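Working notes, structure below.
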Amino acid sequence: MFLEARARVEAILREATGEEDVLLADGGDHADLASTVAFGLARKRRQAPARIAQDLATDLAGRLEPDGIAVAATGPYLNFTFGPAYLAASVRAALAPGYGALPPGTGRVVLEHTSANPNGPLHVGHIRNSVIGDTLARAFRKAGYPTEVQYYVNDMGRQIAIVVWGMDHLGLEPGEGEKPDHYTARVYVAANRRLEAEPEITAEVDALMRQVEALDPATVKKFREAVASCLDGFRSTLADLAAPHDRFVHESDFLRIGDMERLLARFERRPEAHRDEVFWIDLSAHGIENRYVLRRSDGTSVYAARDLAYHVWKGRNADRVIDVLGADHKLIGASLQAALRMLGEVAPEIVFFEFVSLPEGSMSTRAGKFVSSDDLIAETRRRALEEVTARRPELSREEREAIARSVARAAIRYDIVRVSPEKATVFDWTTALDFERQSGPYVQYAHARACSILAKAGAWSEAFEYGSPHEVALAKQIARFPALVQQVVGELRPHLLATYARELADLFNTFYHFEPVLRAAGTTRDSRLTLVRAAQNTLGEALETLGIDALASM
RNA sequence: GGGCCUGUGGCUUAGCCCGGAUAGAGCGCCGGGCUUCUAACCCGGAUACCGGGGGUUCGAAUCCCCCCAGGCCCGCCA
């Protein structure tokens, strides 16, 4: 209902003032919506802002009354407050399964996230990408966009060649029960040490890269097997995080099927193209001074060329192309966008996130210096199981373990997504393992409490009468969920969802504390049960969008 | 050297794009609350010259300029 009410206020305010931008904002403590148009009109009308606000309030009151919206001037501010009819309609809407969904969008979305090189396990930096990407994908689906999530697999780069060389020459065997991506890292780290000690090995790695570019069958097979095994490890980690991909697209495909060559041919006809010792594009018209190299002097292709071919393909299959990339890719991303625009192709919208470092410095797969996501997940599950066991000793081990898995995932995903992407973070075990306030488990807990009340309620019928401040505040937060979903996909800011869910849980917990539900009687009991049901549904939908299980009991 | 990002109570952070009404929150600290719907909870208290300095504006954490500090990028790597 919030979206409808806001649109209504905006339209009427526009009509009354003749202003295009009526400066409508959240009313905070004062109201549901507030406008500061009076300040701007003061100059034009040569009247005091407070006087204008007062006149507008009088003028608008009658027109908004049928919608149950009250308007008042407080000094120069115009405050709009939604009444009982709005609350009732909002709570009713929030009872429906799938609440928060927007009318189906016409556009298809292709969203790429994670896409880490398969040279070692995903670490706590990589999964910032996964969690941001997956949350956005869930938000897009909620907002009605058919969405395909892709992982772009680098299966022919130097790092993979180093892994393949290591597999061939170092004789390292996978350990008992060792996860394949961790085995890959062991080989990769050892191979890099050998390369540092014996630089002449570089020539052998270069040879591997040339052979794979030339599509030599035996070499291609080796690369593919090394990559596939590491990816199996990734899939398992991503499944633990509930951040799955619909499709894994291999970089080498664009070489093999000829897309990349066809694309390079298109660039060759451009006036911005230059051929000296290398083939490069001049992007200075787009403010990028570095030469954008697409082919090496030995004729082999670079990553950028394959990536361009990939993005052309994505753009032709979607209306919005979204990439989630680390901030170190900003220049590369801007170059990619500029080159695609030059050809009239769809350029991706890119969500950049800043780095996650360790207290002792930045992470490095090559140096073996990182906290793997698998370790984080295992440790968080262990702590969650301790917590569940302490609270719910009567449950079976299987039940406790299932809850612990969900709680651990909630803690990890929430801890990552709650911080805005442009903020660099330092990985901290203490906050990662925190299950209180401003955490995923805290939101889960509010949901479980709601479920518990509903389970004990017996028969009741829907009612929608709300008067106490706690009821009203909760209902109003519930009402905003669809607007929030719209904002997340519009601005590509998934952390808003985390903030929203936490505030909803806060308001539910306060309501829970002050307003008895089962011990109330008559319409009050019915109305409160209806509100609990709406809160439970909205919390559940918000959690689902965050990729967190909405547990009925924990 | 150039470009981008960040700087908000002791710590973590929202708000900044789209300027307005006392800058929200969590952790930690102090003090309360479980014979009552799950205390992974709730209530109260102390703690902020919003990195510094100029400017624009009736009004600046928010916009502009300069400076300081930290991070990232500037490859025929990916």
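Please note that chains go A, B, ... in the order of the structure tokens, that every chain numbers its residues from 1, and that ligands are numbered from 1 in the order shown.
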Restrict the distance test to only C-alpha atoms (C1' of nucleotides), flag each residue of chain A within 7 Å of chain B, and return the flagged residues as a PyMOL selection string.
-> chain A and resi 157+278+296-297+303+327-328+331+422-423+435-438+441-442+445+449+453+510+513+517-518
From range 266-340 of chain A, collect each residue whose DSSP state is strand (DSSP E or B) and return the set as a PyMOL selection string.
-> chain A and resi 273-275+279-281+292-295+301+320-326
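Look at G51 in chain B: the protein and nucleic acid residues within 8 Å of it, using only C-alpha atoms (C1' of nucleotides) and passing over chain neighbours fewer than 3 places away, are G7, C68 and A69 of chain B.
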Output N, CA, C and O atoms (P, O5', C5', C4', C3', O3' and C1' of nucleotides) for every residue in the selection just made, as a CSV table (one decimal), in the first residue's frame.
```csv
chain,number,residue,atom,x,y,z
B,7,G,P,32.8,7.1,4.6
B,7,G,O5',34.0,7.4,5.7
B,7,G,C5',34.3,6.5,6.7
B,7,G,C4',35.5,7.1,7.5
B,7,G,C3',35.2,8.3,8.3
B,7,G,O3',35.5,8.2,9.7
B,7,G,C1',37.0,8.7,6.8
B,68,C,P,48.0,17.1,1.3
B,68,C,O5',47.5,16.4,2.7
B,68,C,C5',48.0,16.9,3.9
B,68,C,C4',47.4,16.1,5.1
B,68,C,C3',47.4,14.6,4.9
B,68,C,O3',48.6,14.0,5.3
B,68,C,C1',45.2,15.3,5.6
B,69,A,P,49.1,12.7,4.6
B,69,A,O5',48.1,11.6,5.3
B,69,A,C5',48.2,11.3,6.7
B,69,A,C4',47.2,10.3,7.0
B,69,A,C3',47.1,9.0,6.2
B,69,A,O3',48.1,8.1,6.6
B,69,A,C1',44.9,9.9,6.4
```
Excluding same-chain residues fewer than 5 positions from Ile403 in chain A, what lies within 8 Å of it counting only C-alpha atoms (C1' of nucleotides), as a PyMOL selection string?
-> chain A and resi 385+388+551+554
